[in-house]
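Colleague: Supplied in structure tokens, the structure appears directly below.
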Amino acid sequence: MTIKNICCIGAGYVGGPTMAVVAQKCPYITVTIVDINASRIAAWNNEDLSKLPVFEPGLDNIVDEARGRNLFFSTDVDKAIDEADMIFISVNTPTKTYGKGKGMAADLKYIELCARQIAKVSKSNKIVVEKSTLPVRTASAIKSILNHTGNGVQFQILSNPEFLAEGTAIDDLLNPDRILIGGDDSIEGQKAIQALVDIYANWVSKDKILTTNVWSSELSKLTANAFLAQRVSSINAISQLCEKSGADVNEVAKAIGMDSRIGSKFLKASVGFGGSCFQKDILNLVYIAKTYGLNEVADYWEQVIIMNDYQKQRFSDNIVSTLYNTVSGKKITFFGWAFKKDTNDTRESAAIKVADNLLSEQANISVYDPKVVEERIYADLDYLGTRSENENKALLTVHNNPYEASKESHAIAVLTEWDEFKTYDWQKIYDSMYKPAFIFDGRGILDIQTLEKIGFVCYKIGSGAKI
Ligand SMILES: NC(=O)c1ccc[n+]([C@@H]2O[C@H](COP(=O)([O-])OP(=O)(O)OC[C@H]3O[C@@H](n4cnc5c(N)ncnc54)[C@H](O)[C@@H]3O)[C@@H](O)[C@H]2O)c1
């Protein structure tokens with residue numbers, strides 16, 4: 001079975017880049033990405049490639065090459081479903097904010113709406129691919145909805161979780177560690193798996209394409225994110241021990257990372273992980289474990305989140321206590337708001353929580369981030385509901401220039417590891433600040449020795465107590 005026409009529902013951080021790469025690598029397939037968010041689709045269609053709704057290094061070139069040739073962005077969801085042989089569901093699966101499982105379980109209403117729409121519109125057989133991250137056994141719910149259309153259309157459900165990391169999405173998509181495809185044992189199921197394998201085989205070597213049963217595939221994605229987040233919380237736990245004992249977390253990370261059983265990746269201490277996935281996927285795992293009555297399993301994984309929340313809290317607490325136990329009326333400059341460098345995504349960014357804590361202490365915050373726009377920053381804060389929109393606007397300002405942002409501030413806090421922060425004229429920044437001028441490096445990226453020579457008083461996460 002050769003796929004000629006793909007529809008992807010959801011034009012977000014996953015759907016957009018993933019399908020742009022499929023279109024680039026498979027010019028014989030027409031790929032249509034649809035979304036109910038009209039302004040997002042308009043942004044994907046913007047002539048000016050710097051205005052795409054997702055910033056990822058290299059994405060603009062790929063969109064430029066494929067858009068209008070075999071890559072299309074549209075709000076006409078029904079038409080794209082109708083014409084497709086294969087449909088990727090790549091919609092958001094946030095944590096539930098209501099009802100049973102509130103604050104833990106994945107909210108599957110967007111997934112179910114997609115399934116119902118596919119069931120309603122389809123007039124020919126289709127392969128439906130779960131690209132969104134989903135609780136184990138979601139495929140059976142999708143199948144049940146699709147199989148009750150009563151119009152004789154046959155559906156095959158595959159699980160094909162996405163492992164890209166924001167900031168390196170294009171590289172990850174072009175050179176994946178592996179592609180995971182879960183499907184049915186039946187002959188039809190195996191044919192569907194093969195159809196998807198054939199697509200990836202256009203640029204991924206066959207030994208990197210794993211095929212499994214559907215449940216293993218669904219659970220592998222949650223497990224991968226849980227393991228990654230657990231490494232961050234593990235090194236963050238050690239970072240505090242380093243600060244107390246005089247050890248240096250970077251040296252410890254290097255020493256343990258050279259052990260091939262441990263490996264060196266994901267051992268960078270920080271103010272805490274963010275991003276739309278880690279927290280929500282672990283909470284989901286915790287919820288699933290609890291549903292099966294596996295309370296010890298649930299508690300074990302929940303600790304990863306507890307540690308992460310603590311890391312953010314202790315970072316802001318440290319700023320307050322260092323600034324003589326009060327930040328009221330003091331200006332603190334945030335370098336970075338995105339949850340990591342090279343993305344404009346701010347979901348669950350540590351900066352949001354740290355800012356909220358400091359604003360509650362009546363600090364004035366000024367923010368500079370190379371890619372995050374002002375509206376996003378205010379929206380992130382307003383969403384918390386801690387204070388009114390007007391209060392947030394009065395207490396926090398957003399700047400387009402780091403030197404403007406840091407002028408007359410008492411302290412600078414580095415919240416994102418953007419490379420450009422390392423290359424600033426730090427003497428110029430120092431000269432414009434109140435003294436003592438403090439730096440709180442929540443990402444461990446700055447050269448503290450040079451900064452101390454200039455006169456800064458520095459705190460670097462995980463580095464033996466200096467202050
Ligand atoms: N962001 C990541 O790094 C990442 C990585 C791997 C997996 N994932 C998973 O991929 C999924 C999507 O994540 P994302 O970051 O792209 O989310 P996103 O919020 O950026 O995009 C989802 C899009 O789906 C659209 N949508 C929702 N319901 C729709 C419907 N019924 N019809 C049409 N469009 C609809 C929304 O308008 C939105 O634009 C999630 O399950 C996430 O866990 C994300």
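Just remember, in the structure tokens the first chain shown is A, the second B, etc., residues are 1-based per chain, and ligands are 1-based in the order shown.
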Please check which protein, DNA or RNA residues sit within 8 Å of ligand 1, counting only C-alpha atoms and all ligand atoms, and write them as an NGL selection string.
Modeller: :A and (9-16 or 34-37 or 40 or 75 or 77 or 90-94 or 110-111 or 113-114 or 117 or 131-134 or 161-166 or 169 or 275-277 or 280-281)
Colleague: Got time to write the residues from that selection, C-alpha atoms, as a PDB file, in the first residue's frame?
Modeller:
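What follows is the written file part.pdb:
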ATOM      1  CA  ILE A   9      -4.617  17.247  12.431  1.00  0.00           C
ATOM      2  CA  GLY A  10      -2.858  19.784  14.656  1.00  0.00           C
ATOM      3  CA  ALA A  11      -0.373  22.373  13.345  1.00  0.00           C
ATOM      4  CA  GLY A  12       1.581  22.829  16.557  1.00  0.00           C
ATOM      5  CA  TYR A  13       5.146  22.256  17.695  1.00  0.00           C
ATOM      6  CA  VAL A  14       4.940  18.606  16.648  1.00  0.00           C
ATOM      7  CA  GLY A  15       2.543  18.561  13.684  1.00  0.00           C
ATOM      8  CA  GLY A  16       4.207  21.495  11.877  1.00  0.00           C
ATOM      9  CA  VAL A  34      -4.962  21.294   9.330  1.00  0.00           C
ATOM     10  CA  ASP A  35      -5.895  23.131  12.501  1.00  0.00           C
ATOM     11  CA  ILE A  36      -8.992  24.778  13.933  1.00  0.00           C
ATOM     12  CA  ASN A  37      -6.825  27.693  15.019  1.00  0.00           C
ATOM     13  CA  ARG A  40      -1.967  29.626  13.497  1.00  0.00           C
ATOM     14  CA  THR A  75      -8.371  25.137   8.200  1.00  0.00           C
ATOM     15  CA  VAL A  77     -10.264  19.821   8.310  1.00  0.00           C
ATOM     16  CA  SER A  90      -1.102  15.582  16.491  1.00  0.00           C
ATOM     17  CA  VAL A  91      -3.358  17.631  18.724  1.00  0.00           C
ATOM     18  CA  ASN A  92      -2.602  18.726  22.266  1.00  0.00           C
ATOM     19  CA  THR A  93      -3.165  16.343  25.173  1.00  0.00           C
ATOM     20  CA  PRO A  94      -2.881  18.623  28.223  1.00  0.00           C
ATOM     21  CA  TYR A 110      -9.273  16.879  21.621  1.00  0.00           C
ATOM     22  CA  ILE A 111      -8.289  13.351  20.605  1.00  0.00           C
ATOM     23  CA  LEU A 113     -13.139  15.098  18.834  1.00  0.00           C
ATOM     24  CA  CYS A 114     -10.647  14.215  16.099  1.00  0.00           C
ATOM     25  CA  GLN A 117     -14.632  13.959  12.997  1.00  0.00           C
ATOM     26  CA  LYS A 131       1.317  11.150  16.901  1.00  0.00           C
ATOM     27  CA  SER A 132       0.185  12.869  20.099  1.00  0.00           C
ATOM     28  CA  THR A 133       1.510  11.427  23.362  1.00  0.00           C
ATOM     29  CA  LEU A 134      -1.284   9.319  24.819  1.00  0.00           C
ATOM     30  CA  PRO A 161       4.974   8.724  19.158  1.00  0.00           C
ATOM     31  CA  GLU A 162       7.233  11.664  18.452  1.00  0.00           C
ATOM     32  CA  PHE A 163      10.588  11.905  20.217  1.00  0.00           C
ATOM     33  CA  LEU A 164      11.801  15.255  18.871  1.00  0.00           C
ATOM     34  CA  ALA A 165      13.125  17.805  21.331  1.00  0.00           C
ATOM     35  CA  GLU A 166      12.177  21.425  20.840  1.00  0.00           C
ATOM     36  CA  ALA A 169      13.462  19.441  16.278  1.00  0.00           C
ATOM     37  CA  GLY A 275       8.257  22.297  28.420  1.00  0.00           C
ATOM     38  CA  SER A 276       4.823  21.063  27.614  1.00  0.00           C
ATOM     39  CA  CYS A 277       5.645  17.379  27.946  1.00  0.00           C
ATOM     40  CA  LYS A 280       2.203  16.301  31.944  1.00  0.00           C
ATOM     41  CA  ASP A 281       3.525  12.934  30.791  1.00  0.00           C
TER      42      ASP A 281
END
Colleague: Skip segment 189-194 of chain A itself and residues of its chain fewer than 6 positions away, then list as a PDB file with C-alpha atoms, in the first residue's frame all residues within 7 Å of it, counting only C-alpha atoms.
Modeller:
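See around26.pdb below for the written result:
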ATOM      1  CA  ILE A 127      -4.801   4.504   8.512  1.00  0.00           C
ATOM      2  CA  GLN A 156      -6.241   0.795  11.136  1.00  0.00           C
ATOM      3  CA  ILE A 181       5.595   2.272  15.249  1.00  0.00           C
ATOM      4  CA  GLY A 183       0.255  -1.641  15.386  1.00  0.00           C
TER       5      GLY A 183
END
Colleague: With segment 309-323 of chain A as the partner and 12 Å as the cut-off, tabulate the residues of segment 252-288 of chain A that qualify, each row holding the nearest pair of atoms and their distance in Å to one decimal, using only C-alpha atoms, sorted by chain and rising number, as a Markdown table.
Modeller:
| residue | atom | partner | partner_atom | distance |
| --- | --- | --- | --- | --- |
| A:Ala269 | CA | A:Gln311 | CA | 9.9 |
| A:Ser270 | CA | A:Gln311 | CA | 8.1 |
| A:Val271 | CA | A:Lys312 | CA | 5.5 |
| A:Gly272 | CA | A:Gln311 | CA | 5.7 |
| A:Phe273 | CA | A:Lys312 | CA | 9.0 |
| A:Gly274 | CA | A:Asp309 | CA | 10.2 |
| A:Gln279 | CA | A:Asp309 | CA | 10.1 |
Colleague: Return as a ChimeraX atom specification the full set of residues in segment 15-48 of chain A whose backbone-based DSSP assignment is helix (DSSP H, G or I).
Modeller: /A:15-25,38-44
Colleague: Tell me, in Å to one decimal, how far atom CA of Leu446 of chain A is from atom CA of Ser463 of chain A.
Modeller: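 According to the coordinates, atom CA of Leu446 of chain A and atom CA of Ser463 of chain A are separated by 12.0 Å.
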Colleague: Quick one: distance from atom CA of Asp380 of chain A to atom CA of Ser328 of chain A in Å, one decimal?
Modeller: 21.8 Å
Colleague: What does the distance from atom CA of Ser124 of chain A to atom CA of Ala195 of chain A come to in Å, to one decimal?
Modeller: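 One can read the atom CA of Ser124 of chain A to atom CA of Ala195 of chain A distance as 16.3 Å.
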Colleague: Which residues are close to segment 233-242 of chain A, i.e. within 6 Å by only C-alpha atoms, leaving aside same-chain residues fewer than 5 positions away? Reply as a list of chain:residue names.
Modeller: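 In the requested format, the answer is A:Ala247, A:Asp248, A:Val249, A:Leu267, A:Ala269, A:Val304, A:Met307, A:Asn308, A:Gly462, A:Gly464.
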Colleague: Taking only C-alpha atoms into account, which of A:Leu285, A:Val153, A:Ala201, A:Ala229 comes nearest Thr95 of chain A?
Modeller: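 Using only C-alpha atoms, the shortest distance to Thr95 of chain A belongs to A:Leu285.
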Colleague: So that I can see what lies close to Asn61 of chain A, please list as a PyMOL selection string the residues with an atom at most 12 Å from it, counting only C-alpha atoms and leaving out residues fewer than 2 positions away in the same chain.
Modeller: chain A and resi 17+20-21+24+48-50+52+55-59+63-67+170
Colleague: If you run DSSP on this backbone, which residues of segment 56-256 of chain A come out as strand (DSSP E), and could you give them as an MDAnalysis selection string?
Modeller: chainID A and resid 71:74 86:89 126:130 155:159 179:182 209:212
Colleague: Would you mind listing what lies within 7 Å of Ala405 of chain A as a tab-separated table (two decimals) with N, CA and C atoms, in the first residue's frame, with only C-alpha atoms counted and same-chain residues fewer than 6 positions away left out?
Modeller:
chain	number	residue	atom	x	y	z
A	333	THR	N	16.29	41.47	36.77
A	333	THR	CA	16.20	41.26	35.31
A	333	THR	C	16.30	39.78	34.99
A	366	SER	N	12.12	42.77	35.01
A	366	SER	CA	12.17	43.12	33.59
A	366	SER	C	12.73	41.89	32.87
A	367	VAL	N	12.15	41.62	31.70
A	367	VAL	CA	12.48	40.38	31.00
A	367	VAL	C	13.04	40.68	29.62
A	368	TYR	N	14.11	39.96	29.30
A	368	TYR	CA	14.57	39.95	27.91
A	368	TYR	C	14.72	38.50	27.47
A	399	HIS	N	11.44	43.73	27.48
A	399	HIS	CA	12.36	44.56	26.68
A	399	HIS	C	12.89	43.80	25.47
Colleague: So, with only C-alpha atoms as the atoms that count, which of A:Val214, A:Ile3, A:Ala106, A:Ile365 lies closest to Glu130 of chain A?
Modeller: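 Going through A:Val214, A:Ile3, A:Ala106, A:Ile365 one by one, the smallest distance to Glu130 of chain A is for A:Val214.
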Colleague: Of the candidates A:Val136, A:Cys26, A:Ile454, A:Ala298, which shows the shortest atom-to-atom distance to Thr2 of chain A, using only C-alpha atoms?
Modeller: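 Closest to Thr2 of chain A of all the choices is A:Cys26.
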Colleague: As a ChimeraX atom specification, please: the residues near Lys340 of chain A (cut-off 10 Å, only C-alpha atoms, same-chain neighbours under 5 positions excluded).
Modeller: /A:166-167,273-275,345-346,349-350,415-418,443
Colleague: Grab the residues selected above and save them as a PDB file, in the first residue's frame with N, CA and C atoms.
Modeller:
ATOM      1  N   GLU A 166      12.260  20.065  21.349  1.00  0.00           N
ATOM      2  CA  GLU A 166      12.177  21.425  20.840  1.00  0.00           C
ATOM      3  C   GLU A 166      13.558  22.073  20.916  1.00  0.00           C
ATOM      4  N   GLY A 167      13.831  22.923  19.941  1.00  0.00           N
ATOM      5  CA  GLY A 167      15.153  23.566  19.875  1.00  0.00           C
ATOM      6  C   GLY A 167      16.084  22.818  18.925  1.00  0.00           C
ATOM      7  N   PHE A 273      13.307  21.626  34.991  1.00  0.00           N
ATOM      8  CA  PHE A 273      12.870  21.409  33.604  1.00  0.00           C
ATOM      9  C   PHE A 273      11.506  22.045  33.385  1.00  0.00           C
ATOM     10  N   GLY A 274      11.268  22.392  32.120  1.00  0.00           N
ATOM     11  CA  GLY A 274       9.962  22.916  31.724  1.00  0.00           C
ATOM     12  C   GLY A 274       9.538  22.216  30.456  1.00  0.00           C
ATOM     13  N   GLY A 275       8.735  22.911  29.657  1.00  0.00           N
ATOM     14  CA  GLY A 275       8.257  22.297  28.420  1.00  0.00           C
ATOM     15  C   GLY A 275       6.894  21.676  28.623  1.00  0.00           C
ATOM     16  N   ASP A 345       8.945  28.469  22.659  1.00  0.00           N
ATOM     17  CA  ASP A 345       7.924  27.818  23.488  1.00  0.00           C
ATOM     18  C   ASP A 345       8.187  28.130  24.967  1.00  0.00           C
ATOM     19  N   THR A 346       7.140  28.511  25.683  1.00  0.00           N
ATOM     20  CA  THR A 346       7.313  28.864  27.099  1.00  0.00           C
ATOM     21  C   THR A 346       6.497  27.955  28.025  1.00  0.00           C
ATOM     22  N   SER A 349       7.604  26.752  31.517  1.00  0.00           N
ATOM     23  CA  SER A 349       8.964  27.253  31.708  1.00  0.00           C
ATOM     24  C   SER A 349       9.200  27.588  33.183  1.00  0.00           C
ATOM     25  N   ALA A 350      10.393  27.265  33.681  1.00  0.00           N
ATOM     26  CA  ALA A 350      10.735  27.574  35.077  1.00  0.00           C
ATOM     27  C   ALA A 350      10.620  29.073  35.332  1.00  0.00           C
ATOM     28  N   LEU A 415      17.509  32.497  33.247  1.00  0.00           N
ATOM     29  CA  LEU A 415      16.480  31.452  33.316  1.00  0.00           C
ATOM     30  C   LEU A 415      16.510  30.509  32.126  1.00  0.00           C
ATOM     31  N   THR A 416      17.109  30.964  31.014  1.00  0.00           N
ATOM     32  CA  THR A 416      17.197  30.121  29.808  1.00  0.00           C
ATOM     33  C   THR A 416      18.648  30.148  29.353  1.00  0.00           C
ATOM     34  N   GLU A 417      19.099  29.049  28.734  1.00  0.00           N
ATOM     35  CA  GLU A 417      20.531  28.937  28.415  1.00  0.00           C
ATOM     36  C   GLU A 417      20.873  29.463  27.011  1.00  0.00           C
ATOM     37  N   TRP A 418      20.211  30.539  26.569  1.00  0.00           N
ATOM     38  CA  TRP A 418      20.508  31.097  25.238  1.00  0.00           C
ATOM     39  C   TRP A 418      22.013  31.390  25.118  1.00  0.00           C
ATOM     40  N   ARG A 443      21.279  28.437  34.950  1.00  0.00           N
ATOM     41  CA  ARG A 443      21.573  27.450  33.902  1.00  0.00           C
ATOM     42  C   ARG A 443      23.043  27.051  33.883  1.00  0.00           C
TER      43      ARG A 443
END
Colleague: Between A:Gln303, A:Asn46, A:Asn400, A:Thr223, which one has atoms that come closest to Phe335 of chain A, using only C-alpha atoms?
Modeller: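 Closest to Phe335 of chain A of all the choices is A:Asn400.
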Colleague: Env of Lys435 of chain A: 10 Å cut, atoms = only C-alpha atoms, seq-sep filter 3 positions within chain, self excluded. Answer as a PyMOL selection string.
Modeller: chain A and resi 408-411+430-432+438+455-457
